[in-house]
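Participant: Can you keep this structure in mind? I'll have questions shortly.
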Amino acid sequence: MPIIKSAKKRVRVSNKAAVRNSKTKRSLRSALKGFSKTSSAKSLSHVQSEVDKATKKGVVHKNKAARLKSRAAKQAKASGVKTTKKATPKKPVAKKTTKKTTTKKK
């Protein structure tokens with residue numbers, strides 16, 4: 001056990017982080033296992049979402065996340081799952097402004 005106050009706090013903080021990270025890892029693993037059993041479009045999007053969450057929290061490296069998502073998509077394609085791409089909203093067109101003519105005083 002640490003004696004110094006800051007070291008004690010570091011132990012508490014790291015334990016909290018370990019619990020948080022293990023929950024994220026567990027949800028990621030369960031999503032991956034669920035997808036391998038069902039291979040549906042809904043579970044594919046759930047897997048991608050969980051992978052993105054784990055990456056954002058720093059639990060999974062971004063290259064590993066890309067690899068997991070790629071493998072899941074490849075498996076879905078092999079099983080015949082049709083994936084639909086989300087429609088990206090069109091950017092609003094900027095209105096053209098007319099220049100105001102001002103008369104100059106002499």
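Following the order of the structure tokens, chains are lettered A, B, ..., residues in each are numbered from 1, and ligands are numbered from 1.
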Can you write out as JSON lines which residues of range 5-58 of chain A fall within 9 Å of range 63-69 of chain A, alongside each residue's closest atom pair and its distance in Å to one decimal, counting only C-alpha atoms and ordering rows by chain and ascending residue number?
Facilitator:
{"residue": "A:Leu32", "atom": "CA", "partner": "A:Leu68", "partner_atom": "CA", "distance": 8.8}
{"residue": "A:Leu44", "atom": "CA", "partner": "A:Lys69", "partner_atom": "CA", "distance": 8.7}
{"residue": "A:Val47", "atom": "CA", "partner": "A:Lys69", "partner_atom": "CA", "distance": 7.6}
{"residue": "A:Gln48", "atom": "CA", "partner": "A:Lys69", "partner_atom": "CA", "distance": 6.0}
{"residue": "A:Val51", "atom": "CA", "partner": "A:Ala65", "partner_atom": "CA", "distance": 5.9}
{"residue": "A:Asp52", "atom": "CA", "partner": "A:Ala65", "partner_atom": "CA", "distance": 7.2}
{"residue": "A:Ala54", "atom": "CA", "partner": "A:Ala65", "partner_atom": "CA", "distance": 8.3}
{"residue": "A:Thr55", "atom": "CA", "partner": "A:Ala65", "partner_atom": "CA", "distance": 6.6}
Participant: Export, as a JSON list (two decimals), in the first residue's frame, the selected residues with C-alpha atoms.
Facilitator:
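This went into selection01.json:
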[["chain", "number", "residue", "atom", "x", "y", "z"],
["A", 32, "LEU", "CA", -18.83, -8.80, -31.41],
["A", 44, "LEU", "CA", -23.47, -4.69, -37.58],
["A", 47, "VAL", "CA", -20.81, -3.45, -33.41],
["A", 48, "GLN", "CA", -19.58, -0.38, -35.27],
["A", 51, "VAL", "CA", -16.09, -0.07, -31.53],
["A", 52, "ASP", "CA", -16.31, 3.69, -32.03],
["A", 54, "ALA", "CA", -14.27, 2.10, -27.19],
["A", 55, "THR", "CA", -11.92, 3.97, -29.52]]
Participant: Return as a PyMOL selection string the full set of residues in chain A whose backbone-based DSSP assignment is helix (DSSP H, G or I).
Facilitator: chain A and resi 5-38+41-56+62-78
Participant: Can you spit out the residues from that selection as a PDB file, in the first residue's frame, using C-alpha atoms?
Facilitator:
ATOM      1  CA  LYS A   5      -1.305  10.936  -0.214  1.00  0.00           C
ATOM      2  CA  SER A   6      -0.973  11.489  -3.985  1.00  0.00           C
ATOM      3  CA  ALA A   7      -0.054   7.825  -4.501  1.00  0.00           C
ATOM      4  CA  LYS A   8      -3.171   6.757  -2.553  1.00  0.00           C
ATOM      5  CA  LYS A   9      -5.288   8.957  -4.778  1.00  0.00           C
ATOM      6  CA  ARG A  10      -3.597   7.541  -7.878  1.00  0.00           C
ATOM      7  CA  VAL A  11      -4.587   4.020  -6.753  1.00  0.00           C
ATOM      8  CA  ARG A  12      -8.217   5.110  -6.311  1.00  0.00           C
ATOM      9  CA  VAL A  13      -8.311   6.840  -9.705  1.00  0.00           C
ATOM     10  CA  SER A  14      -6.694   3.940 -11.533  1.00  0.00           C
ATOM     11  CA  ASN A  15      -9.156   1.482  -9.957  1.00  0.00           C
ATOM     12  CA  LYS A  16     -12.081   3.587 -11.163  1.00  0.00           C
ATOM     13  CA  ALA A  17     -10.577   3.760 -14.650  1.00  0.00           C
ATOM     14  CA  ALA A  18     -10.028   0.001 -14.681  1.00  0.00           C
ATOM     15  CA  VAL A  19     -13.695  -0.609 -13.852  1.00  0.00           C
ATOM     16  CA  ARG A  20     -14.793   1.852 -16.551  1.00  0.00           C
ATOM     17  CA  ASN A  21     -12.503   0.287 -19.146  1.00  0.00           C
ATOM     18  CA  SER A  22     -13.587  -3.249 -18.283  1.00  0.00           C
ATOM     19  CA  LYS A  23     -17.252  -2.286 -18.795  1.00  0.00           C
ATOM     20  CA  THR A  24     -16.428  -0.838 -22.198  1.00  0.00           C
ATOM     21  CA  LYS A  25     -14.398  -3.909 -23.181  1.00  0.00           C
ATOM     22  CA  ARG A  26     -17.181  -6.226 -21.993  1.00  0.00           C
ATOM     23  CA  SER A  27     -19.833  -4.415 -24.042  1.00  0.00           C
ATOM     24  CA  LEU A  28     -17.543  -4.477 -27.084  1.00  0.00           C
ATOM     25  CA  ARG A  29     -16.888  -8.212 -26.745  1.00  0.00           C
ATOM     26  CA  SER A  30     -20.580  -9.001 -26.267  1.00  0.00           C
ATOM     27  CA  ALA A  31     -21.457  -6.950 -29.360  1.00  0.00           C
ATOM     28  CA  LEU A  32     -18.832  -8.796 -31.408  1.00  0.00           C
ATOM     29  CA  LYS A  33     -20.011 -12.203 -30.180  1.00  0.00           C
ATOM     30  CA  GLY A  34     -23.654 -11.293 -30.797  1.00  0.00           C
ATOM     31  CA  PHE A  35     -22.819 -10.205 -34.312  1.00  0.00           C
ATOM     32  CA  SER A  36     -20.946 -13.406 -35.100  1.00  0.00           C
ATOM     33  CA  LYS A  37     -24.046 -15.392 -34.085  1.00  0.00           C
ATOM     34  CA  THR A  38     -26.701 -13.347 -35.894  1.00  0.00           C
ATOM     35  CA  ALA A  41     -27.586  -5.271 -40.346  1.00  0.00           C
ATOM     36  CA  LYS A  42     -28.802  -4.068 -36.954  1.00  0.00           C
ATOM     37  CA  SER A  43     -26.094  -5.960 -35.107  1.00  0.00           C
ATOM     38  CA  LEU A  44     -23.474  -4.688 -37.581  1.00  0.00           C
ATOM     39  CA  SER A  45     -24.371  -1.100 -36.762  1.00  0.00           C
ATOM     40  CA  HIS A  46     -24.312  -1.981 -33.047  1.00  0.00           C
ATOM     41  CA  VAL A  47     -20.811  -3.454 -33.408  1.00  0.00           C
ATOM     42  CA  GLN A  48     -19.582  -0.382 -35.265  1.00  0.00           C
ATOM     43  CA  SER A  49     -21.083   1.866 -32.606  1.00  0.00           C
ATOM     44  CA  GLU A  50     -19.460  -0.067 -29.758  1.00  0.00           C
ATOM     45  CA  VAL A  51     -16.093  -0.073 -31.526  1.00  0.00           C
ATOM     46  CA  ASP A  52     -16.315   3.693 -32.033  1.00  0.00           C
ATOM     47  CA  LYS A  53     -17.195   4.224 -28.358  1.00  0.00           C
ATOM     48  CA  ALA A  54     -14.269   2.098 -27.195  1.00  0.00           C
ATOM     49  CA  THR A  55     -11.921   3.975 -29.520  1.00  0.00           C
ATOM     50  CA  LYS A  56     -13.169   7.339 -28.336  1.00  0.00           C
ATOM     51  CA  LYS A  62      -7.746   3.353 -33.743  1.00  0.00           C
ATOM     52  CA  ASN A  63      -6.024   0.857 -36.062  1.00  0.00           C
ATOM     53  CA  LYS A  64      -7.478  -2.077 -34.149  1.00  0.00           C
ATOM     54  CA  ALA A  65     -10.886  -0.416 -34.300  1.00  0.00           C
ATOM     55  CA  ALA A  66     -10.596  -0.068 -38.068  1.00  0.00           C
ATOM     56  CA  ARG A  67      -9.584  -3.718 -38.326  1.00  0.00           C
ATOM     57  CA  LEU A  68     -12.527  -4.887 -36.186  1.00  0.00           C
ATOM     58  CA  LYS A  69     -15.004  -2.838 -38.200  1.00  0.00           C
ATOM     59  CA  SER A  70     -13.539  -4.083 -41.461  1.00  0.00           C
ATOM     60  CA  ARG A  71     -13.755  -7.714 -40.364  1.00  0.00           C
ATOM     61  CA  ALA A  72     -17.349  -7.262 -39.233  1.00  0.00           C
ATOM     62  CA  ALA A  73     -18.320  -5.643 -42.543  1.00  0.00           C
ATOM     63  CA  LYS A  74     -16.579  -8.404 -44.496  1.00  0.00           C
ATOM     64  CA  GLN A  75     -18.379 -11.060 -42.459  1.00  0.00           C
ATOM     65  CA  ALA A  76     -21.704  -9.295 -42.985  1.00  0.00           C
ATOM     66  CA  LYS A  77     -21.129  -9.096 -46.720  1.00  0.00           C
ATOM     67  CA  ALA A  78     -20.242 -12.805 -46.865  1.00  0.00           C
TER      68      ALA A  78
END
Participant: Give me, please, the distance in Å between CA of Val59 in chain A and CA of Ser40 in chain A, quoted to one decimal.
Facilitator: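 Separation between CA of Val59 in chain A and CA of Ser40 in chain A: 25.3 Å.
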